[in-house]
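Participant: Sharing my_file_18.txt here; it has compact mmCIF, C-alpha atoms.
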# COMPACT_ATOMS: atom_id res chain seq x y z
CA ASP A 532 8.28 -15.91 -4.90
CA LEU A 533 5.20 -14.95 -6.91
CA CYS A 534 5.78 -13.04 -10.15
CA GLY A 535 9.22 -12.03 -8.93
CA CYS A 536 7.93 -10.70 -5.61
CA PRO A 537 7.75 -12.44 -2.21
CA GLY A 538 4.16 -13.56 -1.86
CA LEU A 539 1.93 -14.85 0.87
CA SER A 540 3.91 -18.08 1.13
CA LEU A 541 2.99 -20.57 3.85
CA THR A 542 1.08 -18.03 5.93
CA LEU A 543 -1.77 -17.68 3.45
CA ALA A 544 -1.65 -21.40 2.63
CA LYS A 545 -2.25 -22.23 6.28
CA ARG A 546 -5.14 -19.78 6.48
CA LEU A 547 -6.68 -21.24 3.35
CA GLN A 548 -6.36 -24.77 4.70
CA SER A 549 -7.86 -23.76 8.02
CA GLY A 550 -10.81 -22.10 6.30
CA THR A 551 -10.10 -18.63 7.70
CA VAL A 552 -9.57 -17.25 4.18
CA PRO A 553 -12.18 -18.10 1.52
CA ALA A 554 -10.62 -19.67 -1.57
CA GLN A 555 -12.50 -17.45 -4.05
CA ARG A 556 -10.68 -14.54 -5.66
CA GLY A 557 -11.30 -11.26 -3.87
CA LYS A 558 -10.72 -7.71 -4.98
CA LEU A 559 -9.17 -4.61 -3.47
CA TRP A 560 -8.14 -1.13 -4.51
CA THR A 561 -5.02 0.95 -3.91
CA VAL A 562 -4.66 4.72 -3.83
CA GLY A 563 -1.85 7.17 -3.10
CA CYS A 564 -2.50 10.23 -0.96
CA GLY A 565 0.47 12.21 -2.32
CA LEU A 566 -0.40 15.90 -2.53
CA LEU A 567 -4.15 15.32 -2.71
CA SER A 568 -6.51 17.29 -0.54
CA GLU A 569 -8.87 15.53 1.85
CA SER A 570 -11.84 16.00 -0.50
CA GLU A 571 -9.87 14.80 -3.55
CA LEU A 572 -8.81 11.57 -1.85
CA PHE A 573 -12.24 10.55 -0.62
CA GLN A 574 -13.91 11.63 -3.86
CA ARG A 575 -11.60 9.29 -5.77
CA LEU A 576 -12.53 6.44 -3.46
CA GLN A 577 -16.24 7.20 -3.75
CA ARG A 578 -16.04 7.38 -7.55
CA SER A 579 -14.13 4.12 -7.97
CA LEU A 580 -15.95 1.98 -5.42
CA GLY A 581 -19.38 3.53 -5.79
CA GLN A 582 -19.24 4.15 -2.05
CA LEU A 583 -16.61 4.70 0.60
CA PRO A 584 -14.60 1.59 1.53
CA GLU A 585 -15.27 -0.40 4.67
CA GLU A 586 -11.56 -0.61 5.47
CA LEU A 587 -8.53 1.52 4.65
CA TRP A 588 -5.13 -0.12 5.26
CA ASP A 589 -2.37 2.46 5.62
CA ILE A 590 0.68 0.51 4.44
CA ARG A 591 3.01 3.52 4.10
CA SER A 592 6.38 3.13 5.77
CA PHE A 593 6.44 6.90 6.36
CA SER A 594 4.49 10.04 5.47
CA ARG A 595 5.87 13.02 3.56
CA SER A 596 3.68 15.52 5.43
CA GLU A 597 1.70 15.98 8.62
CA HIS A 598 -1.34 16.59 6.44
CA TRP A 599 -1.58 12.82 5.92
CA SER A 600 -0.28 11.65 9.27
CA SER A 601 -1.69 8.39 10.58
CA ALA A 602 -3.42 10.23 13.44
CA ARG A 603 -5.18 12.55 11.01
CA LEU A 604 -6.15 9.71 8.71
CA GLN A 605 -7.61 7.74 11.59
CA GLN A 606 -9.74 10.74 12.51
CA LEU A 607 -10.87 11.32 8.92
CA CYS A 608 -11.76 7.67 8.44
CA GLY A 609 -13.59 7.47 11.75
CA SER A 610 -15.80 10.41 10.82
CA ARG A 611 -16.76 8.53 7.64
CA ARG A 612 -17.30 5.15 9.32
CA ILE A 613 -14.25 3.65 7.59
CA HIS A 614 -12.23 1.20 9.64
CA TYR A 615 -8.63 2.46 9.62
CA CYS A 616 -5.83 -0.12 9.86
CA ARG A 617 -2.24 0.99 10.31
CA ALA A 618 0.11 -1.67 8.93
CA PRO A 619 3.37 -0.07 7.70
CA LEU A 620 5.00 -2.53 5.32
CA GLY A 621 8.64 -1.72 4.61
CA ARG A 622 9.41 0.23 7.76
CA LYS A 623 13.08 0.78 8.45
CA GLU A 624 13.37 -1.27 11.66
CA ALA A 625 11.92 -4.28 9.84
CA GLY A 626 14.49 -4.10 7.03
CA GLY A 627 12.92 -1.69 4.57
CA MET A 628 11.06 -3.35 1.70
CA ARG A 629 12.59 -6.67 2.74
CA HIS A 630 9.89 -6.56 5.41
CA LEU A 631 7.54 -8.16 2.88
CA GLN A 632 9.66 -11.30 3.00
CA SER A 633 9.45 -11.62 6.78
CA GLU A 634 6.91 -13.72 8.66
CA GLU A 635 5.30 -10.55 10.00
CA GLY A 636 5.09 -9.08 6.51
CA ARG A 637 3.57 -12.23 5.04
CA ASP A 638 1.07 -12.43 7.89
CA THR A 639 0.01 -8.83 7.24
CA LEU A 640 -0.49 -9.62 3.56
CA ALA A 641 -2.56 -12.66 4.50
CA ARG A 642 -4.76 -10.59 6.80
CA ILE A 643 -5.32 -8.05 4.03
CA CYS A 644 -6.26 -10.88 1.67
CA GLU A 645 -8.61 -12.36 4.25
CA SER A 646 -10.35 -9.05 4.82
CA ALA A 647 -10.69 -8.28 1.10
CA SER A 648 -12.50 -11.57 0.55
CA SER A 649 -15.59 -10.23 2.32
CA ARG A 650 -15.19 -6.46 2.67
CA SER A 651 -14.35 -3.46 0.48
CA VAL A 652 -10.68 -2.74 1.18
CA VAL A 653 -8.36 0.03 0.00
CA LEU A 654 -4.59 0.07 0.47
CA LEU A 655 -3.12 3.52 1.00
CA GLY A 656 0.32 4.33 -0.38
CA GLU A 657 2.34 7.52 -0.56
CA ALA A 658 2.77 8.49 -4.24
CA GLU A 659 -0.33 9.09 -6.36
CA ASP A 660 1.13 7.13 -9.29
CA TRP A 661 1.31 3.48 -8.25
CA ARG A 662 4.33 2.94 -10.53
CA GLN A 663 6.27 5.40 -8.38
CA CYS A 664 5.02 3.96 -5.11
CA GLU A 665 6.17 1.04 -2.99
CA ARG A 666 2.59 -0.24 -2.83
CA GLN A 667 3.17 -1.90 -6.20
CA ALA A 668 5.29 -4.50 -4.40
CA VAL A 669 2.38 -5.23 -2.07
CA ALA A 670 0.01 -5.47 -5.03
CA ALA A 671 2.35 -7.91 -6.79
CA ALA A 672 2.46 -10.07 -3.67
CA LEU A 673 -1.34 -10.25 -3.39
CA VAL A 674 -1.62 -12.56 -6.38
CA PRO A 675 -4.87 -14.26 -5.28
CA LEU A 676 -6.63 -10.87 -5.42
CA LEU A 677 -7.73 -8.62 -8.25
CA VAL A 678 -5.93 -5.35 -7.48
CA LEU A 679 -7.16 -2.08 -8.97
CA HIS A 680 -5.06 1.08 -8.70
CA ILE A 681 -7.04 4.31 -8.36
CA GLY A 682 -5.59 7.35 -10.14
CA LYS A 683 -6.71 10.71 -11.47
CA ASP A 684 -8.04 9.06 -14.65
CA GLY A 685 -9.88 6.20 -12.96
CA GLU A 686 -8.86 2.62 -12.19
CA GLU A 687 -6.07 0.48 -13.62
CA LYS A 688 -5.81 -3.26 -13.09
CA HIS A 689 -2.48 -4.40 -11.69
CA PRO A 690 -0.76 -6.37 -14.48
CA ASP A 691 -0.50 -10.15 -14.15
CA CYS A 692 3.03 -11.42 -13.42
CA TYR A 693 4.19 -7.85 -13.00
CA GLN A 694 7.95 -7.21 -13.02
CA LEU A 695 8.94 -4.76 -10.31
CA PRO A 696 11.18 -1.87 -11.45
CA ALA A 697 14.88 -2.04 -10.71
CA TRP A 698 14.78 0.64 -8.00
CA LEU A 699 12.25 -1.36 -6.03
CA ARG A 700 13.94 -4.72 -6.61
CA ASP A 701 17.12 -3.16 -5.22
CA GLN A 702 15.25 -2.08 -2.09
CA MET A 703 13.97 -5.60 -1.56
CA ALA A 704 17.39 -7.13 -2.08
CA THR A 705 19.43 -4.73 0.05
CA ARG A 706 18.69 -3.40 3.48
CA ALA A 707 18.94 0.40 3.63
CA GLU A 708 21.51 1.77 6.06
CA PRO A 709 20.57 4.23 8.83
CA ASP A 710 21.54 7.82 8.12
CA PRO A 711 21.37 10.14 11.15
CA GLU A 712 21.31 13.20 8.87
CA VAL A 713 18.22 12.24 6.89
CA ASN A 714 14.59 11.82 8.04
CA GLY A 715 15.30 10.89 11.62
CA GLY A 716 17.93 8.28 10.94
CA TYR A 717 16.75 6.67 7.71
CA ASN A 718 17.82 7.72 4.26
CA HIS A 719 14.57 7.25 2.35
CA THR A 720 15.79 9.41 -0.54
CA ALA A 721 18.61 7.00 -1.30
CA VAL A 722 16.35 3.99 -1.67
CA ARG A 723 13.05 5.31 -2.96
CA GLY A 724 11.94 5.45 -6.55
CA PRO A 725 11.53 8.25 -9.07
CA ARG A 726 10.81 11.74 -7.80
CA TRP A 727 7.23 12.90 -8.21
CA SER A 728 5.45 16.22 -7.83
CA ARG A 729 2.01 17.77 -8.15
CA SER A 730 2.68 18.27 -11.86
CA ASP A 731 2.54 14.46 -12.26
CA ARG A 732 -1.15 14.42 -11.38
What does the file become when written as structure tokens?

Facilitator:
Amino acid sequence: DLCGCPGLSLTLAKRLQSGTVPAQRGKLWTVGCGLLSESELFQRLQRSLGQLPEELWDIRSFSRSEHWSSARLQQLCGSRRIHYCRAPLGRKEAGGMRHLQSEEGRDTLARICESASSRSVVLLGEAEDWRQCERQAVAAALVPLLVLHIGKDGEEKHPDCYQLPAWLRDQMATRAEPDPEVNGGYNHTAVRGPRWSRSDR
């Protein structure tokens, strides 16, 4: 564990040893699409990076609206020459947020780290506020990188040795149970963090 969160573990170590991941510290950004419009999202990226990113990794386990569906995002990124990568971390069939602790989850984190060492990379989460979004667990796991969260007021560096909130630690410790009555068989409401709305922006 790194800073209380499952990190890259042996997967990244092997990549470092093999030379496929440069040892220098890279940097990446995170952003939440939330209730943002298309123009608001890409303007935030442009303002923070000084240009649009080369890669956008969609790590959301689900989307709250069709407006930000993966198919739509892929189209929007393609029209802007941004390479779109769909890598849902925390999806229900992989054990919820415990997915980060799996070999597949650690390998995904290592590939993100590898890419960020030479390219401009943004991780896309669901909630606009990173403290209310599961992407904070991914940021905590990417310890070798400098992670900057993009919000309405600019960038915020992810704290060193960050302690995940209780609601997210619970998700990572306990597998969520399927619920046929909620969101197609998975009760996201029961395991997600604080509620958020457009008024939080």

Participant: May I have the protein, DNA and RNA residues with an atom at most 6 Å from (-11.3, -5.8, -0.1), counting all atoms listed in the file in the file's coordinates, returned as an MDAnalysis selection string?

Facilitator: chainID A and resid 558:559 646:648 650:652

Participant: Rounded to one decimal place, report the CA of Ile613 in chain A-CA of Phe573 in chain A distance in Å.

Facilitator: 10.9 Å

Participant: What's the 10 Å shell around Leu576 in chain A, counting all atoms listed in the file, without same-chain residues fewer than 5 positions away, as a list in words?

Facilitator: Trp560, Thr561, Val562, Glu571, Gly581, Gln582, Leu583, Pro584, Val653, Ile681, Gly682 and Gly685 of chain A

Participant: Have a look at CA of Glu645 in chain A and CA of Gly557 in chain A and let me know their distance in Å, one decimal.

Facilitator: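 Between CA of Glu645 in chain A and CA of Gly557 in chain A the gap is 8.6 Å.
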
Participant: Would you compute, for all listed atoms of range 559-574 of chain A, the axis-aligned bounding box grown by 4 Å on each side, and then report its centre and edge lengths in Å rounded to one decimal, as AutoDock Vina command-line options?

Facilitator:
--center_x -6.7 --center_y 6.3 --center_z -1.3 --size_x 22.4 --size_y 29.9 --size_z 14.4

Participant: Please report the interatomic distance between CA of Ser594 in chain A and CA of Arg617 in chain A in Å with one decimal.

Facilitator: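 Interatomic distance here is 12.3 Å.
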
Participant: Counting all atoms listed in the file, which residue out of A:Glu657, A:Asp638, A:Lys683, A:Glu665 sits closest to Asp701 in chain A?

Facilitator: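 Among the listed residues, the smallest separation from Asp701 in chain A belongs to A:Glu665.
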
Participant: With distances taken over only C-alpha atoms, which residue among A:Cys664, A:Arg612, A:Arg603, A:Leu640 lies nearest Arg591 in chain A?

Facilitator: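 Among the listed residues, the smallest separation from Arg591 in chain A belongs to A:Cys664.
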
Participant: Measuring between all atoms listed in the file, which one of A:Gln694, A:Ala641, A:Lys688, A:Leu631 shows the shortest distance to Val669 in chain A?

Facilitator: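 Once distances to Val669 in chain A are computed over all atoms listed in the file, the minimum belongs to A:Leu631.
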
Participant: From the list A:Met703, A:Ile643, A:Ala658, A:Ala602, which residue is nearest Val678 in chain A when using only C-alpha atoms?

Facilitator: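 Of all the options, A:Ile643 lies closest to Val678 in chain A.
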
Participant: With 10 Å as the threshold, what does the neighbourhood of (1.5, 9.8, -0.9) contain in terms of residues, counting only C-alpha atoms? Coordinates are those of the file; answer as number ranges by chain.

Facilitator: A: 562-567, 591, 593-596, 599, 655-661, 663-664, 727

Participant: Select, from A:Arg637, A:His598, A:Arg578, A:His680, the residue with the minimum atom-to-atom distance to Arg666 in chain A, counting all atoms listed in the file.

Facilitator: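 Closest residue, counting all atoms listed in the file: A:His680.
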
Participant: Using all atoms listed in the file, which of the listed residues (A:Leu654, A:Pro690, A:Glu585, A:Cys644) sits closest to Leu676 in chain A?

Facilitator: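 Distance minimum relative to Leu676 in chain A lands on A:Cys644.
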